[in-house]
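**Q** Sharing query.tsv below, TSV, C-alpha atoms:
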chain	number	residue	atom	x	y	z
A	271	MET	CA	17.06	-21.74	21.06
A	272	ASP	CA	19.02	-18.47	21.09
A	273	PHE	CA	16.86	-15.61	19.77
A	274	SER	CA	19.31	-12.82	20.67
A	275	LEU	CA	21.02	-10.73	18.01
A	276	GLN	CA	24.25	-12.54	18.79
A	277	GLY	CA	22.53	-15.88	18.30
A	278	ARG	CA	20.81	-14.79	15.12
A	279	TYR	CA	24.09	-13.78	13.50
A	280	ALA	CA	26.35	-16.42	15.06
A	281	ALA	CA	27.06	-17.80	11.60
A	282	LEU	CA	28.63	-14.50	10.50
A	283	ASP	CA	31.99	-15.38	12.08
A	284	GLN	CA	32.29	-18.24	9.58
A	285	SER	CA	32.08	-15.81	6.66
A	286	LYS	CA	34.82	-15.49	4.03
A	287	ILE	CA	36.38	-12.04	3.63
A	288	LEU	CA	38.74	-10.91	0.87
A	289	VAL	CA	41.13	-8.07	1.82
A	290	ILE	CA	42.70	-6.27	-1.17
A	291	ASP	CA	45.44	-3.73	-0.35
A	292	ASP	CA	48.93	-3.12	-1.72
A	293	GLU	CA	50.23	-1.90	1.67
A	294	ASP	CA	51.45	-5.05	3.41
A	295	LEU	CA	51.25	-3.64	6.94
A	296	VAL	CA	47.67	-2.37	6.49
A	297	ARG	CA	46.46	-5.53	4.75
A	298	GLU	CA	48.07	-7.94	7.21
A	299	SER	CA	46.92	-6.04	10.31
A	300	ILE	CA	43.33	-6.07	9.03
A	301	ALA	CA	43.57	-9.75	8.12
A	302	ILE	CA	45.02	-10.75	11.50
A	303	TYR	CA	42.32	-8.85	13.37
A	304	LEU	CA	39.51	-10.41	11.34
A	305	GLU	CA	41.02	-13.89	11.63
A	306	ASP	CA	41.19	-13.45	15.41
A	307	SER	CA	37.48	-12.57	15.26
A	308	GLY	CA	36.77	-15.92	13.62
A	309	TYR	CA	36.49	-14.97	9.93
A	310	ARG	CA	38.17	-16.79	7.06
A	311	VAL	CA	40.38	-14.18	5.40
A	312	PHE	CA	42.07	-14.15	1.99
A	313	GLN	CA	44.67	-11.50	1.10
A	314	ALA	CA	45.45	-9.91	-2.26
A	315	MET	CA	48.38	-7.53	-2.83
A	316	ASP	CA	46.78	-5.70	-5.76
A	317	GLY	CA	43.53	-5.38	-7.67
A	318	ALA	CA	44.33	-7.97	-10.32
A	319	GLN	CA	45.18	-10.61	-7.72
A	320	GLY	CA	42.06	-9.59	-5.80
A	321	VAL	CA	39.84	-10.37	-8.80
A	322	GLU	CA	41.60	-13.73	-9.23
A	323	LEU	CA	41.04	-14.66	-5.59
A	324	PHE	CA	37.44	-13.49	-5.78
A	325	CYS	CA	36.78	-15.85	-8.71
A	326	GLU	CA	38.48	-18.68	-6.82
A	327	TYR	CA	36.85	-18.32	-3.38
A	328	TYR	CA	33.69	-16.21	-3.91
A	329	PRO	CA	33.96	-14.47	-0.53
A	330	ASP	CA	30.97	-13.11	1.40
A	331	LEU	CA	32.56	-9.65	1.72
A	332	VAL	CA	35.34	-7.66	0.05
A	333	LEU	CA	37.49	-4.97	1.72
A	334	CYS	CA	39.28	-3.07	-1.03
A	335	ASP	CA	41.79	-0.21	-1.10
A	336	LEU	CA	41.15	2.50	-3.68
A	337	ARG	CA	44.70	3.31	-4.82
A	338	MET	CA	46.64	0.22	-5.99
A	339	PRO	CA	48.94	-0.74	-8.87
A	340	LYS	CA	47.85	-2.86	-11.85
A	341	MET	CA	44.14	-2.37	-11.12
A	342	ASP	CA	42.77	0.32	-8.81
A	343	GLY	CA	39.88	-0.08	-6.39
A	344	LEU	CA	37.28	1.47	-8.68
A	345	GLU	CA	38.13	-0.98	-11.45
A	346	VAL	CA	38.00	-3.89	-8.97
A	347	LEU	CA	34.61	-2.64	-7.80
A	348	LYS	CA	33.28	-2.55	-11.37
A	349	VAL	CA	34.53	-6.06	-12.18
A	350	ILE	CA	33.27	-7.69	-8.98
A	351	SER	CA	29.93	-5.87	-9.12
A	352	GLU	CA	29.37	-7.18	-12.64
A	353	MET	CA	30.27	-10.75	-11.65
A	354	SER	CA	28.45	-10.77	-8.32
A	355	PRO	CA	26.28	-7.68	-7.73
A	356	GLU	CA	24.97	-9.07	-4.43
A	357	THR	CA	28.45	-9.27	-2.80
A	358	PRO	CA	28.98	-6.35	-0.37
A	359	ILE	CA	32.16	-4.30	-0.89
A	360	ILE	CA	33.68	-1.91	1.66
A	361	ILE	CA	36.13	0.64	0.26
A	362	VAL	CA	39.21	1.64	2.31
A	363	SER	CA	40.58	5.01	1.24
A	364	GLY	CA	42.93	7.80	2.24
A	365	ALA	CA	41.51	11.00	3.67
A	366	GLY	CA	42.21	12.93	0.46
A	367	GLN	CA	40.33	10.59	-1.86
A	368	ILE	CA	36.78	11.76	-1.18
A	369	HIS	CA	35.96	12.17	-4.88
A	370	ASP	CA	36.89	8.52	-5.51
A	371	VAL	CA	34.88	7.45	-2.46
A	372	VAL	CA	31.79	9.14	-3.87
A	373	GLU	CA	32.38	7.42	-7.21
A	374	ALA	CA	32.81	4.06	-5.43
A	375	LEU	CA	29.52	4.48	-3.58
A	376	ARG	CA	27.85	5.40	-6.86
A	377	LEU	CA	29.21	2.20	-8.41
A	378	GLY	CA	27.71	0.10	-5.63
A	379	ALA	CA	30.13	0.03	-2.69
A	380	LEU	CA	28.23	-0.57	0.52
A	381	ASP	CA	30.43	1.44	2.89
A	382	TYR	CA	33.84	3.08	3.18
A	383	LEU	CA	36.55	3.43	5.83
A	384	VAL	CA	39.23	6.13	5.98
A	385	LYS	CA	42.90	5.21	6.38
A	386	PRO	CA	44.62	4.82	8.69
A	387	VAL	CA	42.20	2.43	10.40
A	388	THR	CA	43.36	2.97	13.97
A	389	ASP	CA	40.25	1.64	15.70
A	390	MET	CA	39.71	-1.94	14.61
A	391	ALA	CA	36.34	-2.00	16.40
A	392	VAL	CA	35.09	0.47	13.76
A	393	LEU	CA	36.30	-1.91	11.06
A	394	GLU	CA	34.63	-4.91	12.67
A	395	ASN	CA	31.39	-2.98	13.11
A	396	ALA	CA	31.35	-2.11	9.40
A	397	VAL	CA	32.08	-5.75	8.54
A	398	ILE	CA	29.29	-7.08	10.78
A	399	ASN	CA	26.75	-4.59	9.40
A	400	ALA	CA	27.68	-5.44	5.81
A	401	LEU	CA	27.48	-9.20	6.43
A	402	ARG	CA	24.17	-8.87	8.26
A	403	ARG	CA	22.69	-6.89	5.41
A	404	HIS	CA	23.98	-9.41	2.89
A	405	GLN	CA	22.63	-12.29	4.96
A	406	LEU	CA	19.19	-10.70	5.22
A	407	GLU	CA	19.11	-9.98	1.48
A	408	GLU	CA	19.97	-13.62	0.74
A	409	GLN	CA	17.30	-14.82	3.18
A	410	ASN	CA	14.74	-12.54	1.55
A	411	LYS	CA	15.62	-14.00	-1.86
A	412	THR	CA	15.15	-17.49	-0.45
A	413	TYR	CA	11.84	-16.56	1.15
A	414	ARG	CA	10.66	-14.95	-2.08
A	415	LYS	CA	11.51	-18.10	-4.03
A	416	GLU	CA	9.66	-20.17	-1.43
A	417	LEU	CA	6.66	-17.89	-1.76
A	418	GLU	CA	6.74	-18.09	-5.56
A	419	LEU	CA	6.85	-21.89	-5.40
A	420	ALA	CA	4.03	-21.89	-2.86
A	421	ASN	CA	1.96	-19.62	-5.11
A	422	LEU	CA	2.51	-21.94	-8.06
A	423	GLU	CA	1.34	-24.85	-5.93
A	424	LEU	CA	-1.66	-22.85	-4.77
A	425	GLU	CA	-2.55	-21.94	-8.35
A	426	ARG	CA	-2.53	-25.62	-9.23
A	427	ASN	CA	-4.71	-26.27	-6.19
A	428	LEU	CA	-7.15	-23.59	-7.34
A	429	GLU	CA	-7.50	-25.32	-10.69
A	430	LEU	CA	-8.21	-28.57	-8.87
A	431	LEU	CA	-10.70	-26.80	-6.61
A	432	GLN	CA	-12.58	-25.43	-9.57
A	433	GLN	CA	-12.57	-28.81	-11.30
A	434	ASP	CA	-13.63	-30.83	-8.27
A	435	GLN	CA	-15.47	-28.99	-5.49
A	436	GLU	CA	-15.72	-32.03	-3.22
A	437	ALA	CA	-12.01	-32.78	-3.54
A	438	GLY	CA	-11.36	-29.12	-2.80
A	439	ARG	CA	-13.51	-29.32	0.30
A	440	ARG	CA	-11.50	-32.29	1.56
A	441	ALA	CA	-8.24	-30.44	0.86
A	442	GLN	CA	-9.44	-27.37	2.74
A	443	LEU	CA	-10.59	-29.42	5.72
A	444	GLN	CA	-7.13	-30.96	5.94
A	445	LEU	CA	-5.69	-27.48	6.50
A	446	LEU	CA	-7.89	-26.84	9.52
A	447	PRO	CA	-6.62	-27.73	13.00
A	448	GLU	CA	-8.34	-30.25	15.26
A	449	PRO	CA	-11.85	-29.05	16.22
A	450	ASP	CA	-11.06	-29.53	19.91
A	451	ALA	CA	-7.54	-29.25	21.31
A	452	ASN	CA	-5.55	-28.15	24.36
A	453	LEU	CA	-2.39	-26.05	24.05
A	454	GLY	CA	-0.38	-24.43	26.82
A	455	GLY	CA	-3.24	-24.47	29.32
A	456	PHE	CA	-5.84	-23.18	26.85
A	457	LYS	CA	-8.67	-25.00	25.10
A	458	PHE	CA	-9.39	-24.29	21.43
A	459	GLN	CA	-12.70	-25.32	19.83
A	460	HIS	CA	-14.22	-24.49	16.46
A	461	ILE	CA	-16.80	-25.41	13.86
A	462	ILE	CA	-17.16	-24.17	10.27
A	463	ILE	CA	-20.22	-24.73	8.05
A	464	PRO	CA	-19.61	-23.41	4.51
A	465	SER	CA	-22.44	-21.88	2.50
A	466	LEU	CA	-21.04	-23.75	-0.52
A	467	ASN	CA	-18.81	-26.79	-0.68
A	468	LEU	CA	-15.86	-24.49	-0.05
A	469	SER	CA	-15.57	-21.88	2.67
A	470	GLY	CA	-14.16	-18.35	2.70
A	471	ASP	CA	-14.01	-18.53	6.51
A	472	PHE	CA	-10.89	-19.94	8.08
A	473	ILE	CA	-9.45	-20.37	11.56
A	474	ASP	CA	-6.21	-21.70	12.93
A	475	TYR	CA	-4.31	-21.97	16.18
A	476	PHE	CA	-0.76	-23.12	16.79
A	477	GLN	CA	2.04	-23.34	19.33
A	478	ILE	CA	4.62	-20.72	18.40
A	479	SER	CA	6.98	-21.70	21.23
A	480	GLU	CA	6.70	-22.91	24.81
A	481	ARG	CA	5.80	-19.35	25.77
A	482	TYR	CA	3.54	-18.19	22.93
A	483	LEU	CA	0.33	-19.42	21.30
A	484	GLY	CA	-1.07	-17.91	18.11
A	485	PHE	CA	-4.60	-18.03	16.70
A	486	TYR	CA	-6.80	-16.23	14.20
A	487	ILE	CA	-10.21	-16.11	12.58
A	488	ALA	CA	-10.39	-14.85	9.00
A	489	ASP	CA	-13.05	-14.17	6.41
A	490	VAL	CA	-12.11	-13.93	2.74
A	491	SER	CA	-14.27	-11.76	0.51
A	492	GLY	CA	-16.64	-13.89	-1.56
A	493	HIS	CA	-17.37	-17.60	-1.41
A	494	GLY	CA	-16.55	-20.79	-3.22
A	495	ALA	CA	-13.32	-21.90	-4.89
A	496	ALA	CA	-11.72	-18.46	-5.24
A	497	ALA	CA	-12.24	-17.60	-1.56
A	498	ALA	CA	-11.10	-21.07	-0.48
A	499	PHE	CA	-7.95	-20.63	-2.54
A	500	VAL	CA	-7.11	-17.46	-0.59
A	501	THR	CA	-7.56	-19.31	2.72
A	502	MET	CA	-4.92	-21.76	1.50
A	503	THR	CA	-2.69	-18.83	0.56
A	504	LEU	CA	-3.21	-17.41	4.06
A	505	LYS	CA	-2.13	-20.70	5.63
A	506	SER	CA	1.02	-20.69	3.49
A	507	LEU	CA	1.82	-17.07	4.32
A	508	ILE	CA	1.52	-17.71	8.05
A	509	ASN	CA	3.82	-20.73	7.94
A	510	GLN	CA	6.74	-18.57	6.76
A	511	PRO	CA	7.00	-16.09	9.70
A	512	LEU	CA	6.31	-18.99	12.07
A	513	ARG	CA	9.32	-20.80	10.65
A	514	HIS	CA	11.38	-17.58	10.68
A	515	TYR	CA	10.63	-17.07	14.39
A	516	ARG	CA	11.64	-20.61	15.24
A	517	THR	CA	14.95	-20.15	13.41
A	518	GLY	CA	15.53	-16.79	15.11
A	519	ASN	CA	15.16	-14.57	12.04
A	520	SER	CA	11.98	-12.61	12.81
A	521	ASP	CA	9.69	-11.79	15.74
A	522	SER	CA	6.73	-10.64	13.63
A	523	ILE	CA	4.66	-13.75	14.44
A	524	ILE	CA	4.48	-12.67	18.12
A	525	ASN	CA	3.78	-9.02	17.24
A	526	PRO	CA	0.24	-9.01	15.79
A	527	ALA	CA	0.44	-5.51	14.26
A	528	ASP	CA	3.72	-6.31	12.48
A	529	PHE	CA	2.29	-9.64	11.41
A	530	MET	CA	-0.78	-7.94	9.91
A	531	GLY	CA	1.50	-5.59	8.00
A	532	TYR	CA	3.42	-8.57	6.60
A	533	LEU	CA	0.20	-10.31	5.51
A	534	ASN	CA	-1.05	-7.11	3.91
A	535	ARG	CA	2.12	-6.63	1.87
A	536	GLU	CA	2.22	-10.26	0.74
A	537	LEU	CA	-1.45	-10.43	-0.23
A	538	ILE	CA	-1.21	-7.21	-2.23
A	539	SER	CA	1.91	-8.43	-4.03
A	540	ALA	CA	0.17	-11.75	-4.80
A	541	ASN	CA	-2.49	-9.74	-6.72
A	542	LEU	CA	-5.28	-12.25	-6.06
A	543	GLY	CA	-8.09	-9.71	-6.28
A	544	LYS	CA	-9.35	-10.66	-2.81
A	545	HIS	CA	-9.16	-9.12	0.63
A	546	ILE	CA	-9.35	-10.68	4.09
A	547	THR	CA	-10.77	-9.51	7.38
A	548	ILE	CA	-8.87	-11.10	10.23
A	549	PHE	CA	-8.46	-11.09	14.00
A	550	TYR	CA	-5.04	-12.35	15.11
A	551	GLY	CA	-4.11	-12.94	18.74
A	552	VAL	CA	-0.99	-14.06	20.60
A	553	ILE	CA	-1.21	-15.51	24.10
A	554	ASP	CA	1.87	-15.07	26.30
A	555	CYS	CA	1.66	-18.08	28.62
A	556	SER	CA	4.36	-16.65	30.90
A	557	LEU	CA	2.89	-13.18	31.44
A	558	MET	CA	-0.71	-14.38	30.93
A	559	THR	CA	-1.54	-11.67	28.43
A	560	LEU	CA	-3.36	-11.58	25.11
A	561	THR	CA	-1.98	-9.25	22.47
A	562	TYR	CA	-4.14	-8.87	19.39
A	563	SER	CA	-4.65	-6.84	16.24
A	564	VAL	CA	-7.74	-6.41	14.08
A	565	ALA	CA	-7.97	-5.99	10.32
A	566	GLY	CA	-11.62	-5.21	9.68
A	567	GLN	CA	-12.89	-8.41	11.33
A	568	TYR	CA	-16.64	-8.25	12.12
A	569	PRO	CA	-18.18	-8.91	14.53
A	570	ALA	CA	-15.65	-8.13	17.24
A	571	PRO	CA	-14.78	-11.10	19.48
A	572	ALA	CA	-16.70	-11.32	22.74
A	573	LEU	CA	-14.55	-11.54	25.87
A	574	VAL	CA	-15.36	-12.95	29.29
A	575	ASN	CA	-12.51	-11.98	31.61
A	576	GLY	CA	-12.24	-10.97	35.24
A	577	GLY	CA	-16.00	-11.17	35.71
A	578	GLU	CA	-16.59	-8.76	32.83
A	579	VAL	CA	-18.30	-9.43	29.50
A	580	ARG	CA	-17.45	-7.10	26.62
A	581	LEU	CA	-16.54	-6.88	22.97
A	582	LEU	CA	-12.91	-6.37	22.03
A	583	LYS	CA	-11.64	-3.48	19.94
A	584	GLU	CA	-12.63	-3.57	16.30
A	585	GLY	CA	-11.78	-1.64	13.17
A	586	GLY	CA	-8.68	-1.54	11.02
A	587	PHE	CA	-8.47	-2.04	7.28
A	588	PRO	CA	-8.92	-5.47	5.72
A	589	ILE	CA	-5.78	-7.25	4.57
A	590	GLY	CA	-5.00	-6.91	0.87
A	591	LEU	CA	-6.67	-3.58	0.05
A	592	PHE	CA	-4.29	-0.72	0.83
A	593	ASP	CA	-0.49	-0.85	0.91
A	594	TRP	CA	-0.43	2.15	3.27
A	595	ALA	CA	-2.67	0.50	5.89
A	596	ASN	CA	-1.34	0.50	9.47
A	597	PHE	CA	-2.31	-1.90	12.22
A	598	GLN	CA	-2.38	-1.55	15.99
A	599	ASN	CA	-1.67	-3.84	18.93
A	600	TYR	CA	-4.01	-4.15	21.91
A	601	GLU	CA	-3.17	-6.02	25.10
A	602	ILE	CA	-5.24	-7.45	27.95
A	603	GLU	CA	-4.35	-9.45	31.05
A	604	ILE	CA	-5.82	-12.94	31.14
A	605	SER	CA	-7.84	-13.90	34.22
A	606	SER	CA	-8.73	-17.39	35.38
A	607	ASP	CA	-12.23	-17.12	33.86
A	608	PHE	CA	-10.92	-16.07	30.43
A	609	GLN	CA	-13.11	-17.04	27.48
A	610	LEU	CA	-12.93	-15.57	23.99
A	611	LEU	CA	-15.74	-16.16	21.51
A	612	MET	CA	-15.30	-15.44	17.81
A	613	VAL	CA	-18.13	-15.88	15.33
A	614	SER	CA	-18.41	-15.06	11.64
A	615	ASP	CA	-20.67	-12.35	10.30
A	616	GLY	CA	-22.62	-15.21	8.69
A	617	TRP	CA	-23.53	-16.58	12.13
A	618	LEU	CA	-24.53	-13.17	13.45
A	619	GLU	CA	-26.69	-12.19	10.48
A	620	LEU	CA	-28.36	-15.61	10.34
A	621	ILE	CA	-29.27	-15.70	14.04
A	622	SER	CA	-29.99	-12.03	14.72
A	623	GLY	CA	-31.04	-10.80	11.30
A	624	GLN	CA	-28.97	-7.73	12.15
A	625	SER	CA	-25.58	-6.29	11.24
A	626	GLY	CA	-23.47	-3.37	12.43
A	627	PRO	CA	-23.77	-2.09	16.02
A	628	THR	CA	-27.24	-3.61	16.45
A	629	GLY	CA	-25.90	-7.04	15.54
A	630	GLU	CA	-22.99	-6.72	17.96
A	631	SER	CA	-25.37	-5.70	20.76
A	632	PHE	CA	-27.31	-8.88	20.03
A	633	LEU	CA	-24.07	-10.90	20.22
A	634	LEU	CA	-23.12	-9.37	23.56
A	635	ASP	CA	-26.56	-10.13	25.01
A	636	TYR	CA	-26.41	-13.67	23.63
A	637	VAL	CA	-23.05	-14.24	25.34
A	638	LYS	CA	-24.41	-12.95	28.65
A	639	ASP	CA	-27.49	-15.19	28.44
A	640	ASN	CA	-25.89	-18.41	27.18
A	641	GLN	CA	-23.02	-20.70	28.00
A	642	ILE	CA	-20.02	-20.14	25.75
A	643	SER	CA	-19.76	-23.49	23.97
A	644	ILE	CA	-20.02	-24.86	20.45
A	645	PRO	CA	-23.38	-26.61	21.13
A	646	SER	CA	-24.86	-23.45	22.67
A	647	PHE	CA	-23.94	-21.27	19.71
A	648	MET	CA	-24.82	-23.85	17.07
A	649	ARG	CA	-28.23	-24.71	18.53
A	650	PRO	CA	-30.10	-21.87	16.75
A	651	VAL	CA	-28.26	-22.64	13.50
A	652	LYS	CA	-29.71	-26.15	13.33
A	653	GLN	CA	-33.18	-24.87	12.43
A	654	TYR	CA	-31.79	-23.79	9.04
A	655	PRO	CA	-31.02	-26.28	6.23
A	656	SER	CA	-27.25	-26.85	6.21
A	657	ASP	CA	-27.23	-26.99	2.41
A	658	ASN	CA	-28.87	-23.58	2.07
A	659	MET	CA	-26.82	-21.26	4.27
A	660	PRO	CA	-26.68	-17.67	2.98
A	661	ASP	CA	-23.12	-17.28	4.28
A	662	ASP	CA	-20.35	-19.30	5.89
A	663	ILE	CA	-20.96	-20.06	9.57
A	664	THR	CA	-18.00	-20.13	11.95
A	665	VAL	CA	-17.78	-20.37	15.73
A	666	PHE	CA	-14.33	-20.33	17.38
A	667	ILE	CA	-13.77	-20.41	21.15
A	668	VAL	CA	-10.59	-20.04	23.24
A	669	THR	CA	-10.88	-20.85	26.96
A	670	LYS	CA	-8.41	-20.70	29.86
A	671	GLU	CA	-8.39	-24.11	31.49
Show me the file's structure as structure tokens.

**A**
Amino acid sequence: MDFSLQGRYAALDQSKILVIDDEDLVRESIAIYLEDSGYRVFQAMDGAQGVELFCEYYPDLVLCDLRMPKMDGLEVLKVISEMSPETPIIIVSGAGQIHDVVEALRLGALDYLVKPVTDMAVLENAVINALRRHQLEEQNKTYRKELELANLELERNLELLQQDQEAGRRAQLQLLPEPDANLGGFKFQHIIIPSLNLSGDFIDYFQISERYLGFYIADVSGHGAAAAFVTMTLKSLINQPLRHYRTGNSDSIINPADFMGYLNRELISANLGKHITIFYGVIDCSLMTLTYSVAGQYPAPALVNGGEVRLLKEGGFPIGLFDWANFQNYEIEISSDFQLLMVSDGWLELISGQSGPTGESFLLDYVKDNQISIPSFMRPVKQYPSDNMPDDITVFIVTKE
């Protein structure tokens, strides 16, 4: 798949462009150049004909002269903007018409070019930029509609969760990946024991492409149906940038800091009254690196790598609290002995009875003294009744095979 800028906007050369100009030589030279570049071009000799052709063909872009008989460019701009405010319009004007250019921009024109247009590359650049912007705006509308539909579905799911906790538990379990899987030369293992029927802890891992693997551990504030609902929202939110990457529209899924920013904006706009702590990592299977970002996730993951045992960077603001929050990327090289252990704060507080730096010191010592495996980290949990856990228990392990 072509992820270059050229590949991402390859469809632009199939766009329809309406050129409105009463000067035959100017109009035809622009039309011929754009047709040679692969665009479908319609020509109008005056403003009135331009409006007629617009209603007939609904072009993706309009190039319009300012001074024309029957209907001038400003009037054309007003009419088209009322009919189709999302259609980009580029004004073409003489050098002495700056006042009209300002008025055109005020009325909604996207850009302007000064006659005579002697460098057609400047024209094409303006056309490409306008079409790209229009394309992105249309995609954002589509994504927003998808998100609204997903939120409606999630709201219905929340009602079902509240009505039937056991059915909700089954639905949530279906969203989790396999408890033991191999992807791209890495082994992923996890276990989640909810304190109630429904868990506020959630993990996932997925193949982004042949080169990249993504994974995360998240903890939603609170427990029960409301927290479980947000884990479902999280799953839905992550599916969108994953799909956008695979279609070549966004790289945020492989840039953890950008991805955290996206999640933060979406969760705040969803106004669910919940926040999420999350650790998100991306493994580059070609360069053998792990890039990760942290949004308040505690405790920090424990890393075994290159003969060293340590805790990864921690900190950052939880997702869904502050719209001004910034997130940072960290990168490490992956050695042959790479193991990454992630546990929930529920596990740490249950086993150590500690939190904060003391709890993380306990975790680091536990990693040094025990094999990193699901059985090893669940062994001390078994002495507690599974139906009386004070908090959700999660253990998630990523290992280089």

**Q** Just how far from atom CA of A:Ile508 is atom CA of A:Glu671, in Å to one decimal?

**A** 26.2 Å

**Q** At a cut-off of 7 Å, using only C-alpha atoms, what residues contact stretch 403-416 of chain A? Leave out same-chain residues fewer than 4 positions from it and give the result as a VMD selection string.

**A** chain A and resid 358 399 420

**Q** Nearest to A:Thr517: which of A:Leu573, A:Ile487, A:Ile478, A:Val564 is it, counting all atoms listed in the file?

**A**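 Selected residue with least distance to A:Thr517: A:Ile478.
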
**Q** Fewer than 4 positions away in the same chain doesn't count, so skip those; otherwise give me all residues within 6 Å of stretch 379-383 of chain A, counting all atoms listed in the file, as a PyMOL selection string.

**A** chain A and resi 358-362+374-375

**Q** Quick check, in Å to one decimal: how far apart do atom CA of A:Met315 and atom CA of A:Ser285 lie?

**A**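 Between these atoms lies a distance of 20.6 Å.
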
**Q** What's around A:Arg649 at 12 Å? Count all atoms listed in the file, leave out sequence neighbours fewer than 4 positions away in its own chain, and write the answer as a PyMOL selection string.

**A** chain A and resi 617+621+640-645+653-654+665

**Q** Which distance in Å separates atom CA of A:Leu417 and atom CA of A:Ile463, to one decimal?

**A**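 If I compute the distance from atom CA of A:Leu417 to atom CA of A:Ile463, I get 29.4 Å.
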
**Q** Near A:Asp615, within 12 Å and counting only C-alpha atoms, which residues show up once chain neighbours fewer than 6 positions away are dropped, as number ranges by chain?

**A** A: 470-471, 487-491, 547-548, 566-571, 621-626, 629-630, 633, 660-665

**Q** Counting all atoms listed in the file, which of A:Gly551, A:Pro588, A:Gly518, A:Gly378 gets nearest to A:Gly484?

**A**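 Smallest separation from A:Gly484 among the options: A:Gly551.
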
**Q** Taking only C-alpha atoms into account, which of A:Thr388, A:Asn452, A:Ser363, A:Asn395 comes nearest A:Ser307?

**A**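 Smallest distance to A:Ser307 is found for A:Asn395.
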
**Q** Hey, which of A:Val346, A:Ser614, A:Ser563, A:Asp335 ends up closest to A:Val371? Count only C-alpha atoms.

**A**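 Among the listed residues, the smallest separation from A:Val371 belongs to A:Asp335.
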
**Q** Nearest to A:Pro447: which of A:Glu356, A:Phe666, A:Glu480, A:Leu377 is it, counting only C-alpha atoms?

**A** A:Phe666

**Q** Which of these residues is nearest to A:Glu584, using only C-alpha atoms: A:Phe549, A:Asn596, A:Met338, A:Leu344?

**A**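 Among A:Phe549, A:Asn596, A:Met338, A:Leu344, it is A:Phe549 that comes nearest to A:Glu584.
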
**Q** Quick one: residues within 9 Å of A:Gly590, only C-alpha atoms, excluding same-chain residues fewer than 4 positions away - as a list in words?

**A**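 These residues fall inside the cut-off: Leu533, Asn534, Arg535, Glu536, Leu537, Ile538, Ser539, Asn541, Leu542, Gly543, Lys544, His545 and Ile546 of chain A.
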
**Q** Please return as a ChimeraX atom specification every residue within 8 Å of (1.9, -10.2, 17.8), taking into account only C-alpha atoms and the file's own coordinates.

**A** /A:522-529,550-552,561-563,599

**Q** Kindly list the centre and edge lengths in Å, rounded to one decimal, for the axis-aligned box that covers all listed atoms of stretch 346-351 of chain A plus 3 Å on each of its six sides, as JSON.

**A**
{"center_x": 34.0, "center_y": -5.1, "center_z": -10.0, "size_x": 14.1, "size_y": 11.1, "size_z": 10.4}
